[in-house]
$ cat entry-v3.cif   # mmCIF, C-alpha atoms and all ligand atoms
data_query
#
loop_
_atom_site.group_PDB
_atom_site.id
_atom_site.type_symbol
_atom_site.label_atom_id
_atom_site.label_comp_id
_atom_site.auth_asym_id
_atom_site.auth_seq_id
_atom_site.Cartn_x
_atom_site.Cartn_y
_atom_site.Cartn_z
ATOM 1 C CA MET A 1 3.458 14.475 -18.355
ATOM 2 C CA THR A 2 1.609 17.343 -16.690
ATOM 3 C CA PRO A 3 2.385 17.789 -13.003
ATOM 4 C CA LEU A 4 -0.215 16.648 -10.503
ATOM 5 C CA SER A 5 -2.190 19.415 -8.820
ATOM 6 C CA ARG A 6 -5.082 19.813 -6.445
ATOM 7 C CA GLU A 7 -7.160 21.225 -9.313
ATOM 8 C CA ARG A 8 -6.578 18.147 -11.473
ATOM 9 C CA ILE A 9 -7.298 15.652 -8.682
ATOM 10 C CA GLN A 10 -10.341 17.336 -7.123
ATOM 11 C CA PRO A 11 -12.869 16.364 -9.864
ATOM 12 C CA HIS A 12 -12.012 12.688 -9.265
ATOM 13 C CA LEU A 13 -12.257 12.902 -5.486
ATOM 14 C CA ASP A 14 -15.480 11.616 -3.969
ATOM 15 C CA THR A 15 -14.575 11.979 -0.289
ATOM 16 C CA ALA A 16 -16.036 13.766 2.720
ATOM 17 C CA TRP A 17 -12.797 14.390 4.617
ATOM 18 C CA LEU A 18 -9.795 12.585 3.123
ATOM 19 C CA GLY A 19 -7.710 14.751 0.798
ATOM 20 C CA ARG A 20 -9.875 17.837 1.208
ATOM 21 C CA ASP A 21 -6.554 19.363 2.332
ATOM 22 C CA LEU A 22 -4.177 18.192 -0.399
ATOM 23 C CA HIS A 23 -0.611 19.346 -1.068
ATOM 24 C CA CYS A 24 1.199 18.587 -4.331
ATOM 25 C CA PHE A 25 4.962 19.024 -4.726
ATOM 26 C CA GLU A 26 7.202 18.715 -7.755
ATOM 27 C CA VAL A 27 9.822 16.771 -5.844
ATOM 28 C CA LEU A 28 10.309 15.651 -2.234
ATOM 29 C CA ASP A 29 12.788 13.375 -0.515
ATOM 30 C CA SER A 30 9.821 11.250 0.594
ATOM 31 C CA THR A 31 6.113 12.050 0.903
ATOM 32 C CA ASN A 32 6.074 10.047 4.159
ATOM 33 C CA LEU A 33 8.807 12.234 5.607
ATOM 34 C CA THR A 34 6.975 15.452 4.686
ATOM 35 C CA ALA A 35 3.636 14.101 5.954
ATOM 36 C CA ARG A 36 5.316 13.120 9.236
ATOM 37 C CA GLU A 37 6.729 16.636 9.598
ATOM 38 C CA MET A 38 3.251 18.034 8.941
ATOM 39 C CA ALA A 39 1.779 15.667 11.541
ATOM 40 C CA VAL A 40 4.301 16.866 14.124
ATOM 41 C CA ALA A 41 3.411 20.447 13.206
ATOM 42 C CA GLY A 42 -0.241 19.619 14.003
ATOM 43 C CA ALA A 43 -1.724 18.665 10.606
ATOM 44 C CA PRO A 44 -5.343 17.533 10.981
ATOM 45 C CA ASP A 45 -6.870 14.187 10.064
ATOM 46 C CA GLY A 46 -6.962 13.440 6.349
ATOM 47 C CA VAL A 47 -4.193 15.705 5.042
ATOM 48 C CA VAL A 48 -2.666 14.306 1.842
ATOM 49 C CA VAL A 49 0.826 14.881 0.470
ATOM 50 C CA ILE A 50 1.661 13.994 -3.144
ATOM 51 C CA ALA A 51 4.968 14.361 -5.001
ATOM 52 C CA ASP A 52 5.642 14.083 -8.736
ATOM 53 C CA ALA A 53 9.040 12.584 -7.873
ATOM 54 C CA GLN A 54 10.875 11.384 -4.770
ATOM 55 C CA ARG A 55 14.622 11.676 -4.275
ATOM 56 C CA ARG A 56 14.659 9.142 -1.479
ATOM 57 C CA GLY A 57 11.410 7.194 -1.667
ATOM 58 C CA ARG A 58 11.318 4.661 1.122
ATOM 59 C CA GLY A 59 10.070 1.135 1.574
ATOM 60 C CA ARG A 60 9.936 -0.856 4.793
ATOM 61 C CA LEU A 61 13.049 -1.710 6.814
ATOM 62 C CA GLY A 62 15.081 1.103 5.244
ATOM 63 C CA ARG A 63 14.604 -0.209 1.701
ATOM 64 C CA ALA A 64 14.273 2.177 -1.248
ATOM 65 C CA TRP A 65 11.198 2.835 -3.418
ATOM 66 C CA VAL A 66 12.060 3.629 -7.050
ATOM 67 C CA SER A 67 10.270 6.927 -7.788
ATOM 68 C CA PRO A 68 10.848 8.331 -11.294
ATOM 69 C CA ALA A 69 9.426 11.801 -12.049
ATOM 70 C CA ARG A 70 5.895 12.480 -13.360
ATOM 71 C CA THR A 71 5.249 8.848 -14.137
ATOM 72 C CA ASN A 72 3.619 7.267 -11.114
ATOM 73 C CA LEU A 73 1.844 8.071 -7.867
ATOM 74 C CA TYR A 74 3.632 8.767 -4.580
ATOM 75 C CA LEU A 75 1.188 9.759 -1.881
ATOM 76 C CA SER A 76 0.999 9.929 1.928
ATOM 77 C CA VAL A 77 -1.945 10.571 4.210
ATOM 78 C CA VAL A 78 -2.058 11.687 7.817
ATOM 79 C CA LEU A 79 -4.612 9.737 9.849
ATOM 80 C CA ARG A 80 -5.264 10.980 13.360
ATOM 81 C CA CYS A 81 -6.546 7.870 14.996
ATOM 82 C CA ASP A 82 -6.135 6.781 18.518
ATOM 83 C CA VAL A 83 -6.058 3.028 18.102
ATOM 84 C CA PRO A 84 -3.942 0.726 20.225
ATOM 85 C CA VAL A 85 -0.618 -0.183 18.633
ATOM 86 C CA ASP A 86 -1.700 -3.813 18.208
ATOM 87 C CA ARG A 87 -4.453 -2.706 15.791
ATOM 88 C CA LEU A 88 -2.213 -0.579 13.590
ATOM 89 C CA ALA A 89 -1.536 -3.462 11.226
ATOM 90 C CA GLN A 90 -5.248 -3.384 10.396
ATOM 91 C CA ILE A 91 -4.778 0.081 8.883
ATOM 92 C CA SER A 92 -2.066 -1.086 6.536
ATOM 93 C CA LEU A 93 -4.233 -4.075 5.553
ATOM 94 C CA LEU A 94 -7.219 -1.846 4.785
ATOM 95 C CA ALA A 95 -4.906 0.416 2.775
ATOM 96 C CA GLY A 96 -3.824 -2.646 0.786
ATOM 97 C CA VAL A 97 -7.490 -3.457 0.115
ATOM 98 C CA ALA A 98 -8.230 0.114 -1.066
ATOM 99 C CA THR A 99 -5.111 0.180 -3.255
ATOM 100 C CA CYS A 100 -5.883 -3.190 -4.817
ATOM 101 C CA GLU A 101 -9.463 -2.041 -5.523
ATOM 102 C CA ALA A 102 -8.177 1.108 -7.259
ATOM 103 C CA VAL A 103 -5.638 -0.908 -9.307
ATOM 104 C CA ARG A 104 -8.410 -3.354 -10.289
ATOM 105 C CA ALA A 105 -10.343 -0.506 -11.906
ATOM 106 C CA TRP A 106 -7.586 -0.644 -14.579
ATOM 107 C CA CYS A 107 -6.550 -4.301 -14.313
ATOM 108 C CA SER A 108 -8.978 -6.835 -12.858
ATOM 109 C CA THR A 109 -6.342 -9.492 -12.100
ATOM 110 C CA ALA A 110 -4.462 -7.528 -9.407
ATOM 111 C CA VAL A 111 -4.092 -9.355 -6.076
ATOM 112 C CA ILE A 112 -2.745 -8.581 -2.615
ATOM 113 C CA LYS A 113 0.301 -10.364 -1.242
ATOM 114 C CA TRP A 114 0.525 -10.362 2.525
ATOM 115 C CA PRO A 115 0.543 -7.976 4.135
ATOM 116 C CA ASN A 116 -0.236 -5.312 1.560
ATOM 117 C CA ASP A 117 1.795 -5.436 -1.644
ATOM 118 C CA VAL A 118 -0.334 -5.310 -4.793
ATOM 119 C CA LEU A 119 0.834 -7.665 -7.560
ATOM 120 C CA ILE A 120 -0.112 -8.213 -11.184
ATOM 121 C CA ASP A 121 1.172 -11.362 -12.915
ATOM 122 C CA GLY A 122 3.323 -12.021 -9.849
ATOM 123 C CA ARG A 123 5.039 -8.625 -10.081
ATOM 124 C CA LYS A 124 4.724 -5.758 -7.650
ATOM 125 C CA VAL A 125 2.735 -2.767 -8.844
ATOM 126 C CA ALA A 126 2.152 -1.013 -5.487
ATOM 127 C CA GLY A 127 3.637 -0.908 -2.000
ATOM 128 C CA ILE A 128 2.528 0.584 1.309
ATOM 129 C CA LEU A 129 4.523 1.999 4.192
ATOM 130 C CA ALA A 130 2.621 2.737 7.425
ATOM 131 C CA GLU A 131 4.469 4.671 10.105
ATOM 132 C CA LEU A 132 3.490 5.902 13.542
ATOM 133 C CA GLU A 133 4.206 9.494 14.481
ATOM 134 C CA GLN A 134 3.850 10.837 18.009
ATOM 135 C CA GLY A 135 3.495 14.505 18.810
ATOM 136 C CA GLY A 136 1.698 17.396 17.173
ATOM 137 C CA GLY A 137 -1.253 16.986 19.514
ATOM 138 C CA GLY A 138 -1.542 13.219 19.581
ATOM 139 C CA ARG A 139 -0.649 10.115 17.699
ATOM 140 C CA ALA A 140 -0.887 9.979 13.911
ATOM 141 C CA VAL A 141 -0.527 7.178 11.422
ATOM 142 C CA VAL A 142 1.239 8.227 8.236
ATOM 143 C CA LEU A 143 0.251 5.958 5.400
ATOM 144 C CA GLY A 144 2.450 6.081 2.320
ATOM 145 C CA ILE A 145 1.317 4.473 -0.935
ATOM 146 C CA GLY A 146 3.395 4.118 -4.085
ATOM 147 C CA VAL A 147 1.759 2.845 -7.300
ATOM 148 C CA ASN A 148 3.545 2.227 -10.593
ATOM 149 C CA LEU A 149 1.187 3.703 -13.156
ATOM 150 C CA ASN A 150 3.150 4.624 -16.289
ATOM 151 C CA SER A 151 6.646 3.242 -15.682
ATOM 152 C CA GLY A 152 8.248 1.643 -18.724
ATOM 153 C CA ALA A 153 10.530 -1.377 -18.381
ATOM 154 C CA GLY A 154 13.545 0.951 -18.585
ATOM 155 C CA ASP A 155 12.393 2.881 -15.507
ATOM 156 C CA PHE A 156 13.210 -0.054 -13.226
ATOM 157 C CA PRO A 157 16.762 -0.922 -12.231
ATOM 158 C CA ASP A 158 17.990 -4.323 -13.505
ATOM 159 C CA GLU A 159 17.368 -6.102 -10.219
ATOM 160 C CA LEU A 160 13.658 -5.147 -10.324
ATOM 161 C CA ARG A 161 12.935 -6.003 -13.986
ATOM 162 C CA ASP A 162 11.425 -9.385 -13.079
ATOM 163 C CA LYS A 163 9.873 -8.259 -9.807
ATOM 164 C CA ALA A 164 8.139 -4.966 -10.630
ATOM 165 C CA THR A 165 5.547 -3.876 -13.151
ATOM 166 C CA SER A 166 3.245 -0.938 -13.884
ATOM 167 C CA LEU A 167 -0.348 -0.579 -15.053
ATOM 168 C CA HIS A 168 0.994 0.784 -18.333
ATOM 169 C CA LEU A 169 3.207 -2.269 -18.847
ATOM 170 C CA VAL A 170 0.306 -4.683 -18.307
ATOM 171 C CA THR A 171 -2.512 -2.819 -20.074
ATOM 172 C CA GLY A 172 -0.590 -0.905 -22.753
ATOM 173 C CA ASP A 173 -2.593 2.220 -21.862
ATOM 174 C CA ARG A 174 -1.414 5.403 -20.193
ATOM 175 C CA VAL A 175 -3.049 5.963 -16.820
ATOM 176 C CA ASP A 176 -4.293 9.433 -15.909
ATOM 177 C CA ARG A 177 -2.476 9.993 -12.609
ATOM 178 C CA ALA A 178 -5.021 12.500 -11.268
ATOM 179 C CA HIS A 179 -7.883 10.100 -11.988
ATOM 180 C CA PHE A 180 -6.054 7.255 -10.244
ATOM 181 C CA ALA A 181 -5.171 9.449 -7.227
ATOM 182 C CA GLY A 182 -8.814 10.538 -6.835
ATOM 183 C CA LEU A 183 -10.107 6.982 -7.021
ATOM 184 C CA LEU A 184 -7.473 5.660 -4.610
ATOM 185 C CA LEU A 185 -8.286 8.307 -1.985
ATOM 186 C CA THR A 186 -12.006 7.659 -2.460
ATOM 187 C CA ARG A 187 -11.538 3.897 -1.883
ATOM 188 C CA LEU A 188 -9.243 4.571 1.085
ATOM 189 C CA GLU A 189 -11.766 6.824 2.807
ATOM 190 C CA ALA A 190 -14.553 4.279 2.224
ATOM 191 C CA ARG A 191 -12.508 1.393 3.691
ATOM 192 C CA TYR A 192 -11.216 3.465 6.611
ATOM 193 C CA ASP A 193 -14.731 4.678 7.504
ATOM 194 C CA GLU A 194 -15.994 1.097 7.238
ATOM 195 C CA TRP A 195 -13.250 -0.108 9.594
ATOM 196 C CA ARG A 196 -14.030 2.600 12.146
ATOM 197 C CA ARG A 197 -17.757 1.912 11.947
ATOM 198 C CA ASP A 198 -17.897 -1.887 11.714
ATOM 199 C CA GLY A 199 -14.488 -3.097 12.888
ATOM 200 C CA PHE A 200 -12.020 -5.356 11.128
ATOM 201 C CA ALA A 201 -14.222 -8.315 10.156
ATOM 202 C CA ALA A 202 -15.583 -6.808 6.920
ATOM 203 C CA ILE A 203 -12.120 -5.575 5.884
ATOM 204 C CA ALA A 204 -10.641 -9.002 6.593
ATOM 205 C CA ALA A 205 -13.311 -10.660 4.417
ATOM 206 C CA THR A 206 -12.502 -8.360 1.477
ATOM 207 C CA TRP A 207 -8.779 -8.838 2.077
ATOM 208 C CA ARG A 208 -9.218 -12.635 1.864
ATOM 209 C CA ALA A 209 -11.096 -12.232 -1.421
ATOM 210 C CA LEU A 210 -8.331 -10.070 -2.893
ATOM 211 C CA ALA A 211 -5.488 -12.153 -1.463
ATOM 212 C CA PRO A 212 -6.049 -15.751 -2.596
ATOM 213 C CA LEU A 213 -3.484 -17.069 -0.155
ATOM 214 C CA ILE A 214 -5.478 -19.397 2.060
ATOM 215 C CA GLY A 215 -4.383 -22.977 1.527
ATOM 216 C CA ARG A 216 -1.290 -21.886 -0.410
ATOM 217 C CA ARG A 217 2.178 -22.966 0.632
ATOM 218 C CA ILE A 218 4.500 -20.098 1.457
ATOM 219 C CA GLN A 219 7.979 -19.387 2.683
ATOM 220 C CA VAL A 220 8.579 -16.457 4.951
ATOM 221 C CA GLN A 221 11.931 -14.812 5.314
ATOM 222 C CA GLU A 222 11.971 -13.662 8.928
ATOM 223 C CA PRO A 223 14.756 -11.895 10.776
ATOM 224 C CA GLY A 224 15.626 -15.228 12.457
ATOM 225 C CA GLY A 225 15.457 -17.469 9.362
ATOM 226 C CA VAL A 226 13.022 -19.064 6.917
ATOM 227 C CA VAL A 227 9.664 -20.536 7.960
ATOM 228 C CA GLU A 228 7.583 -22.662 5.567
ATOM 229 C CA GLY A 229 3.971 -23.813 5.810
ATOM 230 C CA ASP A 230 0.420 -23.720 4.449
ATOM 231 C CA VAL A 231 -1.611 -20.563 5.031
ATOM 232 C CA VAL A 232 -4.576 -21.186 7.346
ATOM 233 C CA ASP A 233 -5.969 -17.658 7.744
ATOM 234 C CA LEU A 234 -5.485 -13.999 8.500
ATOM 235 C CA ASP A 235 -5.739 -13.150 12.203
ATOM 236 C CA ASP A 236 -7.485 -10.058 13.567
ATOM 237 C CA ASP A 237 -4.179 -8.395 14.348
ATOM 238 C CA GLY A 238 -3.061 -8.802 10.741
ATOM 239 C CA ALA A 239 -0.792 -11.788 11.398
ATOM 240 C CA LEU A 240 -0.827 -14.664 8.912
ATOM 241 C CA ARG A 241 -1.479 -18.068 10.463
ATOM 242 C CA LEU A 242 0.480 -21.006 8.997
ATOM 243 C CA ARG A 243 0.420 -24.734 9.584
ATOM 244 C CA ARG A 244 3.895 -26.198 9.465
ATOM 245 C CA ASP A 245 4.664 -29.740 8.323
ATOM 246 C CA ASP A 246 4.856 -30.982 11.914
ATOM 247 C CA GLY A 247 1.230 -29.796 12.361
ATOM 248 C CA SER A 248 2.092 -26.861 14.593
ATOM 249 C CA LEU A 249 0.551 -23.438 14.025
ATOM 250 C CA TYR A 250 2.796 -20.450 13.496
ATOM 251 C CA ARG A 251 1.943 -16.747 13.320
ATOM 252 C CA VAL A 252 3.838 -14.555 10.874
ATOM 253 C CA ILE A 253 3.966 -11.029 12.237
ATOM 254 C CA ALA A 254 6.538 -9.517 9.876
ATOM 255 C CA GLY A 255 8.684 -10.733 7.041
ATOM 256 C CA ASP A 256 8.794 -11.205 3.281
ATOM 257 C CA VAL A 257 6.504 -13.858 1.851
ATOM 258 C CA THR A 258 7.265 -16.029 -1.168
ATOM 259 C CA VAL A 259 4.375 -18.100 -2.508
ATOM 260 C CA ILE A 260 5.651 -21.490 -3.642
ATOM 261 C CA ASP A 261 4.571 -22.215 -7.251
ATOM 262 C CA GLY A 262 4.096 -18.506 -7.947
ATOM 263 C CA TYR A 263 1.267 -16.145 -7.211
ATOM 264 C CA GLY A 264 -1.105 -13.971 -9.153
ATOM 265 C CA ARG A 265 -0.026 -15.360 -12.512
HETATM 266 C C1 LIG B 301 7.076 -1.091 0.247
HETATM 267 O O1 LIG B 301 8.198 -1.456 0.927
HETATM 268 O O2 LIG B 301 6.546 -1.754 -0.621
HETATM 269 C C2 LIG B 301 6.529 0.276 0.644
HETATM 270 C C3 LIG B 301 6.674 1.272 -0.474
HETATM 271 C C4 LIG B 301 6.029 2.577 -0.111
HETATM 272 C C5 LIG B 301 6.337 3.634 -1.111
HETATM 273 C C6 LIG B 301 5.552 4.889 -0.843
HETATM 274 S S1 LIG B 301 5.722 6.059 -2.124
HETATM 275 C C7 LIG B 301 4.950 7.265 -1.177
HETATM 276 C C8 LIG B 301 5.461 7.076 0.240
HETATM 277 N N1 LIG B 301 6.669 7.835 0.460
HETATM 278 C C9 LIG B 301 7.740 7.031 0.658
HETATM 279 O O3 LIG B 301 8.919 7.414 0.840
HETATM 280 N N2 LIG B 301 7.323 5.747 0.648
HETATM 281 C C10 LIG B 301 5.902 5.640 0.433
HETATM 282 P P1 LIG B 301 8.862 -2.907 0.874
HETATM 283 O O4 LIG B 301 7.822 -3.957 1.080
HETATM 284 O O5 LIG B 301 10.011 -2.833 1.796
HETATM 285 O O6 LIG B 301 9.348 -3.019 -0.627
HETATM 286 C C11 LIG B 301 10.509 -2.384 -1.069
HETATM 287 C C12 LIG B 301 11.113 -3.270 -2.145
HETATM 288 O O7 LIG B 301 10.270 -3.252 -3.301
HETATM 289 C C13 LIG B 301 12.483 -2.810 -2.604
HETATM 290 O O8 LIG B 301 13.500 -3.352 -1.824
HETATM 291 C C14 LIG B 301 12.507 -3.322 -4.036
HETATM 292 O O9 LIG B 301 12.838 -4.690 -4.073
HETATM 293 C C15 LIG B 301 11.063 -3.210 -4.474
HETATM 294 N N3 LIG B 301 10.787 -1.923 -5.155
HETATM 295 C C16 LIG B 301 11.396 -0.723 -5.020
HETATM 296 N N4 LIG B 301 10.822 0.201 -5.776
HETATM 297 C C17 LIG B 301 9.818 -0.418 -6.436
HETATM 298 C C18 LIG B 301 8.837 0.021 -7.354
HETATM 299 N N5 LIG B 301 8.740 1.279 -7.764
HETATM 300 N N6 LIG B 301 7.960 -0.905 -7.806
HETATM 301 C C19 LIG B 301 7.995 -2.192 -7.410
HETATM 302 N N7 LIG B 301 8.905 -2.670 -6.531
HETATM 303 C C20 LIG B 301 9.790 -1.776 -6.038
#

$ encode --input "entry-v3.cif" --output "structure tokens"
Amino acid sequence: MTPLSRERIQPHLDTAWLGRDLHCFEVLDSTNLTAREMAVAGAPDGVVVIADAQRRGRGRLGRAWVSPARTNLYLSVVLRCDVPVDRLAQISLLAGVATCEAVRAWCSTAVIKWPNDVLIDGRKVAGILAELEQGGGGRAVVLGIGVNLNSGAGDFPDELRDKATSLHLVTGDRVDRAHFAGLLLTRLEARYDEWRRDGFAAIAATWRALAPLIGRRIQVQEPGGVVEGDVVDLDDDGALRLRRDDGSLYRVIAGDVTVIDGYGR
């Protein structure tokens, strides 16, 4: 497939500030790493880094993100925002909302799994990695988004065959990567501006609509063990509130969620 370029993405970009400064690379270790280096070097708000392939694409907690060449979207944005650390989770939630909205333009059944994975038919189609970078004239949030657009089943390693999918695998169509990138950045700017203007409440309401988790029974793998309960709500700091069988409330701050009886199928 043709490499991504600023010229190909620009016609699909309906933004005032996000991605007006956009850098495309053939291959990087990780777009988040390069965006972090740019942030330290003083990159302004809204710079976007895109790679056609990643040698060492990263997930959370040191996990890897499978990043085959010229197939999918690997993108990072530098956001210069001076929010307190306890509100950072809100940025990754709003990024999940924007990503799910963009995916829904191709497949209307996509849902969010807490905190911000996007799933179709219970399989992961997109993941988000938000990192904080100090320096370069102030704090920056580097938001990395990976979306499986045109991966075939053979592009995933065996252990991901049942867990991962792509828009191509579910719709049968090929997705124009430049079109998707433009729409994703447009949704992201709209949600980020909304959050800055109106606060988290509106984002949380959309998140709840895209993440039909309330009332569902989940298990959370936390560093200290497994917690199980029914989801009560999303808190303002991005935590998920659960009610355990003994009636007590429990806040999930980090961890991997499994929805009992499946999700998004
Ligand atoms: C994430 O981590 O879901 C965040 C992924 C962020 C990737 C983007 S790509 C652009 C930017 N630059 C980077 O280097 N990273 C960001 P986590 O929730 O930890 O999920 C990682 C897990 O998802 C892995 O351990 C696998 O089980 C699974 N996985 C790996 N690659 C996948 C893929 N392409 N599609 C679906 N699942 C995948």

$ residues_near_ligand --input "entry-v3.cif" --ligand "ligand LIG 301 (chain B)" --cutoff "7 Å" --atoms "only C-alpha atoms and all ligand atoms" --output "JSON, numbers by chain"
{"A": [30, 31, 32, 33, 56, 57, 58, 59, 60, 61, 63, 64, 65, 66, 67, 74, 75, 76, 117, 124, 125, 126, 127, 128, 129, 144, 145, 146, 148, 160, 163, 164, 165]}

$ residues_around --input "entry-v3.cif" --residues "Val231 in chain A" --least-positions-apart "4" --cutoff "12 Å" --atoms "all atoms listed in the file" --output "ChimeraX atom specification"
/A:114,208,211-220,227,235,239-245,249-252,257-260

$ closest_residue --input "entry-v3.cif" --among "A:Leu73, A:Leu28, A:Met1, A:Leu79" --to "Gly182 in chain A" --atoms "only C-alpha atoms"
A:Leu73

$ closest_residue --input "entry-v3.cif" --among "A:Val103, A:Ala95, A:Ala204, A:Ala209" --to "His179 in chain A" --atoms "only C-alpha atoms"
A:Val103

$ closest_residue --input "entry-v3.cif" --among "A:Gly238, A:Gly247, A:Gly172, A:Pro68" --to "Asn116 in chain A" --atoms "only C-alpha atoms"
A:Gly238

$ residues_around --input "entry-v3.cif" --residues "range 38-46 of chain A" --least-positions-apart "3" --cutoff "10 Å" --atoms "only C-alpha atoms" --output "PyMOL selection string"
chain A and resi 16-22+32-35+49+76-81+133-142+185+189

$ write_last_selection --input "entry-v3.cif" --atoms "C-alpha atoms" --output "mmCIF file, keeping the file's coordinate frame"
data_model
loop_
_atom_site.group_PDB
_atom_site.id
_atom_site.type_symbol
_atom_site.label_atom_id
_atom_site.label_comp_id
_atom_site.auth_asym_id
_atom_site.auth_seq_id
_atom_site.Cartn_x
_atom_site.Cartn_y
_atom_site.Cartn_z
ATOM 1 C CA ALA A 16 -16.036 13.766 2.720
ATOM 2 C CA TRP A 17 -12.797 14.390 4.617
ATOM 3 C CA LEU A 18 -9.795 12.585 3.123
ATOM 4 C CA GLY A 19 -7.710 14.751 0.798
ATOM 5 C CA ARG A 20 -9.875 17.837 1.208
ATOM 6 C CA ASP A 21 -6.554 19.363 2.332
ATOM 7 C CA LEU A 22 -4.177 18.192 -0.399
ATOM 8 C CA ASN A 32 6.074 10.047 4.159
ATOM 9 C CA LEU A 33 8.807 12.234 5.607
ATOM 10 C CA THR A 34 6.975 15.452 4.686
ATOM 11 C CA ALA A 35 3.636 14.101 5.954
ATOM 12 C CA VAL A 49 0.826 14.881 0.470
ATOM 13 C CA SER A 76 0.999 9.929 1.928
ATOM 14 C CA VAL A 77 -1.945 10.571 4.210
ATOM 15 C CA VAL A 78 -2.058 11.687 7.817
ATOM 16 C CA LEU A 79 -4.612 9.737 9.849
ATOM 17 C CA ARG A 80 -5.264 10.980 13.360
ATOM 18 C CA CYS A 81 -6.546 7.870 14.996
ATOM 19 C CA GLU A 133 4.206 9.494 14.481
ATOM 20 C CA GLN A 134 3.850 10.837 18.009
ATOM 21 C CA GLY A 135 3.495 14.505 18.810
ATOM 22 C CA GLY A 136 1.698 17.396 17.173
ATOM 23 C CA GLY A 137 -1.253 16.986 19.514
ATOM 24 C CA GLY A 138 -1.542 13.219 19.581
ATOM 25 C CA ARG A 139 -0.649 10.115 17.699
ATOM 26 C CA ALA A 140 -0.887 9.979 13.911
ATOM 27 C CA VAL A 141 -0.527 7.178 11.422
ATOM 28 C CA VAL A 142 1.239 8.227 8.236
ATOM 29 C CA LEU A 185 -8.286 8.307 -1.985
ATOM 30 C CA GLU A 189 -11.766 6.824 2.807
#
